[in-house]
file my_file_3.cif (mmCIF, C-alpha atoms)
data_model
loop_
_atom_site.group_PDB
_atom_site.id
_atom_site.type_symbol
_atom_site.label_atom_id
_atom_site.label_comp_id
_atom_site.auth_asym_id
_atom_site.auth_seq_id
_atom_site.Cartn_x
_atom_site.Cartn_y
_atom_site.Cartn_z
ATOM 1 C CA MET A 1 29.858 -71.458 31.368
ATOM 2 C CA ALA A 2 29.207 -67.914 32.606
ATOM 3 C CA LEU A 3 29.290 -66.492 29.106
ATOM 4 C CA LYS A 4 26.954 -69.153 27.871
ATOM 5 C CA SER A 5 24.429 -68.383 30.614
ATOM 6 C CA LEU A 6 24.629 -64.646 29.795
ATOM 7 C CA ASP A 7 23.870 -65.296 26.133
ATOM 8 C CA ASN A 8 20.880 -67.344 27.162
ATOM 9 C CA ALA A 9 19.690 -64.553 29.473
ATOM 10 C CA LEU A 10 19.814 -61.809 26.787
ATOM 11 C CA PRO A 11 18.768 -63.370 23.523
ATOM 12 C CA LEU A 12 18.841 -61.083 20.469
ATOM 13 C CA SER A 13 15.511 -60.617 18.718
ATOM 14 C CA PRO A 14 15.805 -61.239 14.966
ATOM 15 C CA GLU A 15 13.339 -58.342 14.325
ATOM 16 C CA ARG A 16 15.288 -55.701 16.229
ATOM 17 C CA PRO A 17 17.774 -54.799 13.425
ATOM 18 C CA LYS A 18 14.817 -54.387 11.048
ATOM 19 C CA LYS A 19 13.151 -51.848 13.360
ATOM 20 C CA ILE A 20 16.360 -49.850 13.700
ATOM 21 C CA ALA A 21 16.806 -49.786 9.933
ATOM 22 C CA LYS A 22 13.186 -48.625 9.464
ATOM 23 C CA VAL A 23 13.590 -45.703 11.915
ATOM 24 C CA ALA A 24 16.839 -44.641 10.230
ATOM 25 C CA ALA A 25 15.193 -44.694 6.812
ATOM 26 C CA ASN A 26 12.349 -42.453 8.056
ATOM 27 C CA LEU A 27 14.832 -39.936 9.419
ATOM 28 C CA ILE A 28 16.618 -39.783 6.056
ATOM 29 C CA ARG A 29 13.372 -39.302 4.128
ATOM 30 C CA THR A 30 12.017 -36.583 6.464
ATOM 31 C CA PRO A 31 14.906 -34.421 7.676
ATOM 32 C CA PRO A 32 14.109 -31.728 10.233
ATOM 33 C CA LYS A 33 12.809 -28.475 8.720
ATOM 34 C CA LEU A 34 15.106 -25.477 8.876
ATOM 35 C CA VAL A 35 13.573 -22.002 9.305
ATOM 36 C CA VAL A 36 15.264 -19.639 6.870
ATOM 37 C CA ASN A 37 14.520 -15.920 6.764
ATOM 38 C CA ASP A 38 15.007 -15.189 3.071
ATOM 39 C CA GLU A 39 15.643 -11.486 2.437
ATOM 40 C CA ASN A 40 13.755 -11.770 -0.864
ATOM 41 C CA THR A 41 10.553 -12.829 0.878
ATOM 42 C CA ALA A 42 8.423 -11.252 3.559
ATOM 43 C CA PRO A 43 9.859 -11.645 7.063
ATOM 44 C CA MET A 44 8.203 -14.280 9.252
ATOM 45 C CA ASP A 45 7.574 -13.186 12.837
ATOM 46 C CA PRO A 46 6.809 -10.549 13.866
ATOM 47 C CA THR A 47 5.049 -9.311 10.738
ATOM 48 C CA PRO A 48 3.708 -5.749 10.436
ATOM 49 C CA GLU A 49 0.508 -4.902 8.641
ATOM 50 C CA TYR A 50 0.929 -4.648 4.858
ATOM 51 C CA ALA A 51 -2.541 -3.335 4.083
ATOM 52 C CA ALA A 52 -3.510 -1.919 0.722
ATOM 53 C CA SER A 53 -4.370 1.779 0.779
ATOM 54 C CA HIS A 54 -8.061 1.167 0.121
ATOM 55 C CA ASP A 55 -8.231 -1.189 3.130
ATOM 56 C CA LEU A 56 -6.914 1.349 5.632
ATOM 57 C CA LYS A 57 -9.702 2.805 7.768
ATOM 58 C CA PRO A 58 -9.854 6.280 9.347
ATOM 59 C CA LEU A 59 -8.522 6.677 12.884
ATOM 60 C CA SER A 60 -11.119 6.998 15.631
ATOM 61 C CA GLU A 61 -9.141 9.761 17.383
ATOM 62 C CA PRO A 62 -6.718 11.197 14.828
ATOM 63 C CA LYS A 63 -5.661 14.229 16.883
ATOM 64 C CA ALA A 64 -4.768 12.072 19.859
ATOM 65 C CA LYS A 65 -2.798 9.730 17.610
ATOM 66 C CA LEU A 66 -0.951 12.686 16.093
ATOM 67 C CA GLU A 67 0.299 13.882 19.498
ATOM 68 C CA GLY A 68 2.510 10.858 20.060
ATOM 69 C CA LEU A 69 3.287 10.147 16.413
ATOM 70 C CA MET A 70 6.783 11.648 16.184
ATOM 71 C CA LYS A 71 7.860 9.929 19.406
ATOM 72 C CA SER A 72 6.757 6.584 17.963
ATOM 73 C CA LEU A 73 8.475 7.308 14.636
ATOM 74 C CA ASP A 74 11.730 7.993 16.519
ATOM 75 C CA SER A 75 11.500 4.763 18.531
ATOM 76 C CA ARG A 76 14.396 2.299 18.570
ATOM 77 C CA GLU A 77 11.907 -0.580 18.322
ATOM 78 C CA TRP A 78 11.366 -1.251 14.646
ATOM 79 C CA MET A 79 7.895 -2.726 15.143
ATOM 80 C CA VAL A 80 6.824 0.465 16.930
ATOM 81 C CA VAL A 81 8.070 2.478 13.940
ATOM 82 C CA CYS A 82 6.165 0.181 11.555
ATOM 83 C CA GLU A 83 2.948 0.732 13.490
ATOM 84 C CA ALA A 84 3.560 4.498 13.494
ATOM 85 C CA LEU A 85 4.144 4.457 9.724
ATOM 86 C CA ASN A 86 0.817 2.710 9.259
ATOM 87 C CA ASP A 87 -0.721 5.518 11.319
ATOM 88 C CA VAL A 88 1.005 7.956 8.945
ATOM 89 C CA ARG A 89 -0.708 6.187 6.064
ATOM 90 C CA ARG A 90 -4.128 6.491 7.730
ATOM 91 C CA LEU A 91 -3.538 10.143 8.556
ATOM 92 C CA SER A 92 -2.464 10.830 4.970
ATOM 93 C CA LEU A 93 -5.442 9.117 3.405
ATOM 94 C CA HIS A 94 -8.210 10.201 5.793
ATOM 95 C CA HIS A 95 -6.949 13.141 7.885
ATOM 96 C CA SER A 96 -4.385 14.774 5.597
ATOM 97 C CA PRO A 97 -4.675 18.386 6.927
ATOM 98 C CA LEU A 98 -3.421 17.205 10.323
ATOM 99 C CA LEU A 99 -0.202 15.861 8.833
ATOM 100 C CA VAL A 100 0.773 18.951 6.812
ATOM 101 C CA PRO A 101 2.627 20.789 9.652
ATOM 102 C CA ILE A 102 4.992 17.849 10.234
ATOM 103 C CA LEU A 103 5.169 16.567 6.660
ATOM 104 C CA ASP A 104 8.895 17.360 6.240
ATOM 105 C CA LYS A 105 9.779 15.483 9.433
ATOM 106 C CA VAL A 106 7.704 12.491 8.357
ATOM 107 C CA VAL A 107 9.438 12.406 4.957
ATOM 108 C CA LEU A 108 12.847 12.332 6.653
ATOM 109 C CA VAL A 109 11.677 9.405 8.807
ATOM 110 C CA LEU A 110 10.730 7.580 5.598
ATOM 111 C CA VAL A 111 14.261 8.134 4.288
ATOM 112 C CA LYS A 112 15.770 6.803 7.512
ATOM 113 C CA SER A 113 13.467 3.763 7.541
ATOM 114 C CA MET A 114 14.393 2.832 3.978
ATOM 115 C CA LYS A 115 18.017 2.551 5.098
ATOM 116 C CA SER A 116 17.105 -0.016 7.736
ATOM 117 C CA PRO A 117 18.413 -3.585 7.317
ATOM 118 C CA ARG A 118 14.934 -4.695 8.391
ATOM 119 C CA SER A 119 13.137 -5.489 5.146
ATOM 120 C CA ALA A 120 9.754 -5.227 6.870
ATOM 121 C CA LEU A 121 10.472 -1.684 8.054
ATOM 122 C CA CYS A 122 11.779 -0.721 4.630
ATOM 123 C CA LYS A 123 8.678 -2.060 2.886
ATOM 124 C CA THR A 124 6.336 -0.289 5.319
ATOM 125 C CA SER A 125 8.110 3.013 4.643
ATOM 126 C CA LEU A 126 7.752 2.445 0.894
ATOM 127 C CA LEU A 127 4.007 1.837 1.274
ATOM 128 C CA ALA A 128 3.769 5.040 3.299
ATOM 129 C CA SER A 129 5.729 6.924 0.625
ATOM 130 C CA ALA A 130 3.252 5.907 -2.081
ATOM 131 C CA ASP A 131 0.333 7.154 0.036
ATOM 132 C CA ILE A 132 2.113 10.425 0.785
ATOM 133 C CA PHE A 133 2.772 10.964 -2.935
ATOM 134 C CA GLN A 134 -0.904 10.419 -3.615
ATOM 135 C CA CYS A 135 -2.089 12.816 -0.907
ATOM 136 C CA PHE A 136 0.627 15.489 -0.758
ATOM 137 C CA GLY A 137 2.162 15.494 -4.240
ATOM 138 C CA HIS A 138 1.407 19.168 -4.744
ATOM 139 C CA LEU A 139 3.230 20.099 -1.497
ATOM 140 C CA LEU A 140 6.351 17.952 -1.690
ATOM 141 C CA LEU A 141 7.980 19.947 -4.469
ATOM 142 C CA SER A 142 7.426 23.328 -2.861
ATOM 143 C CA SER A 143 9.924 24.976 -0.539
ATOM 144 C CA PRO A 144 10.913 23.975 2.137
ATOM 145 C CA SER A 145 9.600 20.462 1.479
ATOM 146 C CA ASN A 146 11.632 20.147 -1.709
ATOM 147 C CA GLU A 147 14.855 19.509 0.235
ATOM 148 C CA ALA A 148 13.287 16.623 2.146
ATOM 149 C CA PHE A 149 11.748 15.309 -1.076
ATOM 150 C CA ASN A 150 15.151 15.266 -2.808
ATOM 151 C CA GLN A 151 16.495 13.030 -0.061
ATOM 152 C CA LEU A 152 13.468 10.775 -0.417
ATOM 153 C CA LEU A 153 13.811 10.636 -4.206
ATOM 154 C CA LEU A 154 17.460 9.575 -4.064
ATOM 155 C CA ARG A 155 16.695 6.959 -1.421
ATOM 156 C CA LEU A 156 13.845 5.567 -3.541
ATOM 157 C CA LEU A 157 16.112 5.290 -6.581
ATOM 158 C CA LEU A 158 18.783 3.540 -4.501
ATOM 159 C CA THR A 159 16.252 1.186 -2.921
ATOM 160 C CA ALA A 160 14.769 0.297 -6.292
ATOM 161 C CA SER A 161 18.304 -0.476 -7.501
ATOM 162 C CA GLN A 162 19.210 -3.026 -4.826
ATOM 163 C CA ASP A 163 19.083 -6.808 -5.080
ATOM 164 C CA LYS A 164 16.446 -7.540 -2.429
ATOM 165 C CA LYS A 165 13.414 -8.399 -4.520
ATOM 166 C CA PHE A 166 11.078 -7.987 -1.544
ATOM 167 C CA VAL A 167 11.776 -4.257 -1.217
ATOM 168 C CA CYS A 168 12.932 -3.538 -4.782
ATOM 169 C CA GLU A 169 9.488 -4.235 -6.252
ATOM 170 C CA GLU A 170 7.790 -2.058 -3.632
ATOM 171 C CA ALA A 171 10.222 0.796 -4.345
ATOM 172 C CA GLN A 172 9.356 0.631 -8.040
ATOM 173 C CA LYS A 173 5.651 0.839 -7.162
ATOM 174 C CA ALA A 174 6.374 3.929 -5.069
ATOM 175 C CA LEU A 175 8.225 5.507 -8.010
ATOM 176 C CA LEU A 176 5.228 4.813 -10.246
ATOM 177 C CA ALA A 177 2.946 6.481 -7.681
ATOM 178 C CA MET A 178 5.327 9.442 -7.611
ATOM 179 C CA ALA A 179 5.249 9.842 -11.409
ATOM 180 C CA ALA A 180 1.450 9.644 -11.411
ATOM 181 C CA SER A 181 0.851 12.066 -8.527
ATOM 182 C CA LEU A 182 3.453 14.836 -8.552
ATOM 183 C CA PRO A 183 3.397 17.868 -10.894
ATOM 184 C CA PRO A 184 5.369 16.689 -13.944
ATOM 185 C CA CYS A 185 7.559 19.698 -14.743
ATOM 186 C CA PRO A 186 9.018 20.210 -11.236
ATOM 187 C CA LEU A 187 9.394 16.445 -10.870
ATOM 188 C CA LEU A 188 11.329 16.226 -14.146
ATOM 189 C CA GLN A 189 13.696 18.933 -12.943
ATOM 190 C CA ASN A 190 14.457 16.861 -9.852
ATOM 191 C CA LEU A 191 14.802 13.604 -11.790
ATOM 192 C CA ALA A 192 17.022 15.067 -14.515
ATOM 193 C CA SER A 193 19.971 15.415 -12.151
ATOM 194 C CA TYR A 194 20.025 11.652 -11.532
ATOM 195 C CA VAL A 195 20.415 10.545 -15.155
ATOM 196 C CA LYS A 196 24.112 11.383 -14.727
ATOM 197 C CA HIS A 197 24.499 9.540 -11.405
ATOM 198 C CA THR A 198 27.635 7.416 -11.027
ATOM 199 C CA ASN A 199 25.550 4.339 -10.157
ATOM 200 C CA PRO A 200 24.219 2.897 -13.456
ATOM 201 C CA LYS A 201 21.227 1.309 -11.694
ATOM 202 C CA VAL A 202 20.222 4.682 -10.260
ATOM 203 C CA ARG A 203 20.505 6.219 -13.736
ATOM 204 C CA ALA A 204 18.283 3.483 -15.119
ATOM 205 C CA LYS A 205 15.604 3.908 -12.452
ATOM 206 C CA ALA A 206 15.659 7.684 -12.927
ATOM 207 C CA ALA A 207 15.323 7.180 -16.692
ATOM 208 C CA VAL A 208 12.310 4.918 -16.240
ATOM 209 C CA SER A 209 10.666 7.473 -13.933
ATOM 210 C CA ILE A 210 11.291 10.238 -16.470
ATOM 211 C CA SER A 211 9.787 8.113 -19.242
ATOM 212 C CA ASP A 212 6.740 7.344 -17.081
ATOM 213 C CA CYS A 213 6.331 11.008 -16.228
ATOM 214 C CA VAL A 214 6.720 12.231 -19.831
ATOM 215 C CA SER A 215 4.254 9.650 -21.151
ATOM 216 C CA LYS A 216 1.575 11.148 -18.881
ATOM 217 C CA MET A 217 2.350 14.791 -19.645
ATOM 218 C CA SER A 218 0.076 16.956 -21.690
ATOM 219 C CA HIS A 219 1.338 18.591 -24.851
ATOM 220 C CA GLU A 220 1.471 21.919 -23.040
ATOM 221 C CA GLY A 221 3.401 20.392 -20.149
ATOM 222 C CA MET A 222 6.091 19.026 -22.447
ATOM 223 C CA GLN A 223 6.350 22.409 -24.126
ATOM 224 C CA GLU A 224 6.711 24.056 -20.726
ATOM 225 C CA PHE A 225 9.595 21.795 -19.730
ATOM 226 C CA GLY A 226 11.094 22.093 -23.197
ATOM 227 C CA LEU A 227 11.193 19.549 -26.008
ATOM 228 C CA SER A 228 14.863 20.333 -26.536
ATOM 229 C CA ASN A 229 15.629 19.538 -22.880
ATOM 230 C CA LEU A 230 13.815 16.213 -23.141
ATOM 231 C CA ILE A 231 15.532 15.201 -26.376
ATOM 232 C CA LYS A 232 18.931 15.883 -24.796
ATOM 233 C CA ILE A 233 18.069 13.671 -21.820
ATOM 234 C CA ALA A 234 16.934 10.897 -24.151
ATOM 235 C CA ALA A 235 20.082 11.149 -26.270
ATOM 236 C CA ASP A 236 22.350 10.896 -23.217
ATOM 237 C CA LEU A 237 20.537 7.815 -21.979
ATOM 238 C CA LEU A 238 20.460 6.127 -25.368
ATOM 239 C CA ASN A 239 24.108 5.091 -24.974
ATOM 240 C CA ASP A 240 23.800 4.028 -21.343
ATOM 241 C CA ARG A 241 25.286 0.746 -20.159
ATOM 242 C CA LEU A 242 22.036 -0.785 -18.906
ATOM 243 C CA PRO A 243 19.258 -1.907 -21.303
ATOM 244 C CA GLU A 244 16.626 -0.532 -18.910
ATOM 245 C CA ALA A 245 17.990 2.989 -19.333
ATOM 246 C CA ARG A 246 18.233 2.644 -23.115
ATOM 247 C CA GLU A 247 14.648 1.409 -23.353
ATOM 248 C CA ALA A 248 13.482 4.353 -21.234
ATOM 249 C CA ALA A 249 15.414 6.690 -23.560
ATOM 250 C CA ARG A 250 13.508 5.307 -26.546
ATOM 251 C CA GLY A 251 10.241 5.910 -24.696
ATOM 252 C CA ILE A 252 11.201 9.521 -23.983
ATOM 253 C CA GLY A 253 12.287 10.012 -27.597
ATOM 254 C CA ASN A 254 8.983 8.683 -28.934
ATOM 255 C CA SER A 255 7.002 10.976 -26.615
ATOM 256 C CA VAL A 256 9.008 13.991 -27.763
ATOM 257 C CA TYR A 257 8.570 12.967 -31.401
ATOM 258 C CA GLU A 258 4.781 12.760 -31.057
ATOM 259 C CA ALA A 259 4.653 16.167 -29.380
ATOM 260 C CA PHE A 260 6.892 17.693 -32.036
ATOM 261 C CA MET A 261 4.823 16.230 -34.868
ATOM 262 C CA GLY A 262 1.683 17.636 -33.268
ATOM 263 C CA ASP A 263 3.282 21.072 -33.260
ATOM 264 C CA HIS A 264 4.433 20.711 -36.859
ATOM 265 C CA GLU A 265 0.980 19.759 -38.106
ATOM 266 C CA ASN A 266 -0.469 22.822 -36.419
ATOM 267 C CA GLU A 267 2.029 25.136 -38.136
ATOM 268 C CA LYS A 268 0.518 26.126 -41.466
ATOM 269 C CA THR A 269 3.179 28.640 -42.417
ATOM 270 C CA THR A 270 6.067 26.173 -42.885
ATOM 271 C CA GLY A 271 6.554 24.252 -46.087
ATOM 272 C CA ILE A 272 8.979 21.713 -44.617
ATOM 273 C CA GLU A 273 7.836 18.092 -44.558
ATOM 274 C CA ALA A 274 7.437 16.532 -41.122
ATOM 275 C CA PRO A 275 10.357 14.023 -41.311
ATOM 276 C CA GLU A 276 12.769 16.715 -42.457
ATOM 277 C CA ALA A 277 11.525 19.080 -39.758
ATOM 278 C CA TRP A 278 12.120 16.422 -37.075
ATOM 279 C CA GLN A 279 15.615 15.777 -38.408
ATOM 280 C CA ASP A 280 16.381 19.496 -38.391
ATOM 281 C CA PHE A 281 15.112 19.729 -34.811
ATOM 282 C CA CYS A 282 17.378 16.885 -33.677
ATOM 283 C CA LEU A 283 20.407 18.315 -35.503
ATOM 284 C CA SER A 284 19.851 21.745 -33.967
ATOM 285 C CA ASN A 285 19.876 20.337 -30.425
ATOM 286 C CA LEU A 286 22.240 17.342 -30.579
ATOM 287 C CA PRO A 287 25.586 16.270 -32.042
ATOM 288 C CA ALA A 288 25.203 14.668 -35.454
ATOM 289 C CA ILE A 289 25.623 11.061 -34.256
ATOM 290 C CA SER A 290 23.118 11.491 -31.416
ATOM 291 C CA ALA A 291 20.711 13.322 -33.724
ATOM 292 C CA GLN A 292 20.760 10.477 -36.224
ATOM 293 C CA ALA A 293 20.077 7.981 -33.440
ATOM 294 C CA MET A 294 16.990 9.935 -32.384
ATOM 295 C CA VAL A 295 15.816 10.178 -35.992
ATOM 296 C CA ASN A 296 16.141 6.403 -36.320
ATOM 297 C CA ILE A 297 14.014 5.889 -33.203
ATOM 298 C CA ALA A 298 11.176 7.853 -34.788
ATOM 299 C CA ARG A 299 11.365 5.755 -37.966
ATOM 300 C CA ARG A 300 10.748 2.471 -36.148
#

call {"tool": "encode", "arguments": {"input": "my_file_3.cif", "output": "structure tokens"}}
result
Amino acid sequence: MALKSLDNALPLSPERPKKIAKVAANLIRTPPKLVVNDENTAPMDPTPEYAASHDLKPLSEPKAKLEGLMKSLDSREWMVVCEALNDVRRLSLHHSPLLVPILDKVVLVLVKSMKSPRSALCKTSLLASADIFQCFGHLLLSSPSNEAFNQLLLRLLLTASQDKKFVCEEAQKALLAMAASLPPCPLLQNLASYVKHTNPKVRAKAAVSISDCVSKMSHEGMQEFGLSNLIKIAADLLNDRLPEAREAARGIGNSVYEAFMGDHENEKTTGIEAPEAWQDFCLSNLPAISAQAMVNIARR
């Protein structure tokens, strides 16, 4: 009798199972959102300023900002370093004479920041590198800055070779800015040493930078560096493992061919036809197999 009275006291509603089933179905359709910090995308919070160069305004008190700049660049707080690097960008673009005395130290900070596991800090340093190339290209390759620049160049090539798309693309933009801003002949001398690097990705990125640089060189500039030196670099890269390096080699070879043909047309004393002259040039500077490969590039 007691059990019967209890059942009467707590009757089960026929609609209750339906409500439970409806709530469960909603939970399945709308699972809770997970916050994922993908290394190939911009970090979430905190986010530093990724302003384009033309959007950066002059500093109201640049000399005062300069006084504490190195202390901020040496900070252990990565957001403080990001803010200081953005100040470096403003100083470079609008107050460049103030930055010249500490340029080497700033370049070394860029190298250190590119090694950071923080993608945001790495990207900010790459943006700063592009601005520094634009504003101080003529100084970076002179002594004593050349030593700091060599460290920066290697770090840029390594950064452009990594798998993080977020920073890899920015590193390639910085390399393009470098090729467009720095004196071509000294830059080529620095880049040439990396086409024999043990890392094939570094070789490929160096090859692309050389091709970009050569394509912008004047005829006189290519002559100054040496057409024979360029054709040897192209021939070495033509058999590289990575397609990117081989494509860059073809670009270098075509640039050398055009410069050589321009020289040949200006020489009125020779009776040799242009194709034969190009073949003779390749054979005089390369092994026979490599020479034939360069001749075939020019025929395409």

call {"tool": "closest_residue", "arguments": {"input": "my_file_3.cif", "among": "A:Leu85, A:Lys71, A:Gly262, A:Val107", "to": "Glu220 in chain A", "atoms": "all atoms listed in the file"}}
result
A:Gly262

call {"tool": "residues_around", "arguments": {"input": "my_file_3.cif", "residues": "Leu187 in chain A", "least_positions_apart": "4", "cutoff": "12 Å", "atoms": "all atoms listed in the file", "output": "NGL selection string"}}
result
:A and (133 or 137-142 or 146 or 149-150 or 153 or 175 or 178-183 or 191-194 or 206 or 209-214 or 217 or 221 or 225)

call {"tool": "residues_around", "arguments": {"input": "my_file_3.cif", "residues": "Tyr50 in chain A", "least_positions_apart": "3", "cutoff": "12 Å", "atoms": "only C-alpha atoms", "output": "list in words"}}
result
Ala42, Pro43, Thr47, Ser53, His54, Asp55, Leu56, Cys82, Glu83, Leu85, Asn86, Arg89, Ala120, Leu121, Cys122, Lys123, Thr124, Ser125, Leu126, Leu127, Ala128 and Glu170 of chain A

call {"tool": "residues_around", "arguments": {"input": "my_file_3.cif", "residues": "Leu230 in chain A", "least_positions_apart": "3", "cutoff": "8 Å", "atoms": "only C-alpha atoms", "output": "list in words"}}
result
Phe225, Gly226, Leu227, Ile233, Ala234, Ile252, Gly253 and Val256 of chain A

call {"tool": "atom_distance", "arguments": {"input": "my_file_3.cif", "atom1": "CA of Leu93 in chain A", "atom2": "CA of Asn190 in chain A"}}
result
25.1 Å

call {"tool": "resolve_selection", "arguments": {"input": "my_file_3.cif", "expression": "the PyMOL selection byres ((chain A and resi 159) around 10)", "output": "PyMOL selection string"}}
result
chain A and resi 114-115+122+126+153-158+160-164+167-172+202+205

call {"tool": "residues_around", "arguments": {"input": "my_file_3.cif", "residues": "Lys232 in chain A", "least_positions_apart": "2", "cutoff": "10 Å", "atoms": "all atoms listed in the file", "output": "PDB file with C-alpha atoms, in the coordinates of the input"}}
result
ATOM      1  CA  LEU A 227      11.193  19.549 -26.008  1.00  0.00           C
ATOM      2  CA  SER A 228      14.863  20.333 -26.536  1.00  0.00           C
ATOM      3  CA  ASN A 229      15.629  19.538 -22.880  1.00  0.00           C
ATOM      4  CA  LEU A 230      13.815  16.213 -23.141  1.00  0.00           C
ATOM      5  CA  ALA A 234      16.934  10.897 -24.151  1.00  0.00           C
ATOM      6  CA  ALA A 235      20.082  11.149 -26.270  1.00  0.00           C
ATOM      7  CA  ASP A 236      22.350  10.896 -23.217  1.00  0.00           C
ATOM      8  CA  LEU A 237      20.537   7.815 -21.979  1.00  0.00           C
ATOM      9  CA  LEU A 238      20.460   6.127 -25.368  1.00  0.00           C
ATOM     10  CA  ALA A 249      15.414   6.690 -23.560  1.00  0.00           C
ATOM     11  CA  GLY A 253      12.287  10.012 -27.597  1.00  0.00           C
ATOM     12  CA  CYS A 282      17.378  16.885 -33.677  1.00  0.00           C
ATOM     13  CA  ASN A 285      19.876  20.337 -30.425  1.00  0.00           C
ATOM     14  CA  LEU A 286      22.240  17.342 -30.579  1.00  0.00           C
ATOM     15  CA  PRO A 287      25.586  16.270 -32.042  1.00  0.00           C
ATOM     16  CA  SER A 290      23.118  11.491 -31.416  1.00  0.00           C
ATOM     17  CA  ALA A 291      20.711  13.322 -33.724  1.00  0.00           C
ATOM     18  CA  MET A 294      16.990   9.935 -32.384  1.00  0.00           C
TER      19      MET A 294
END
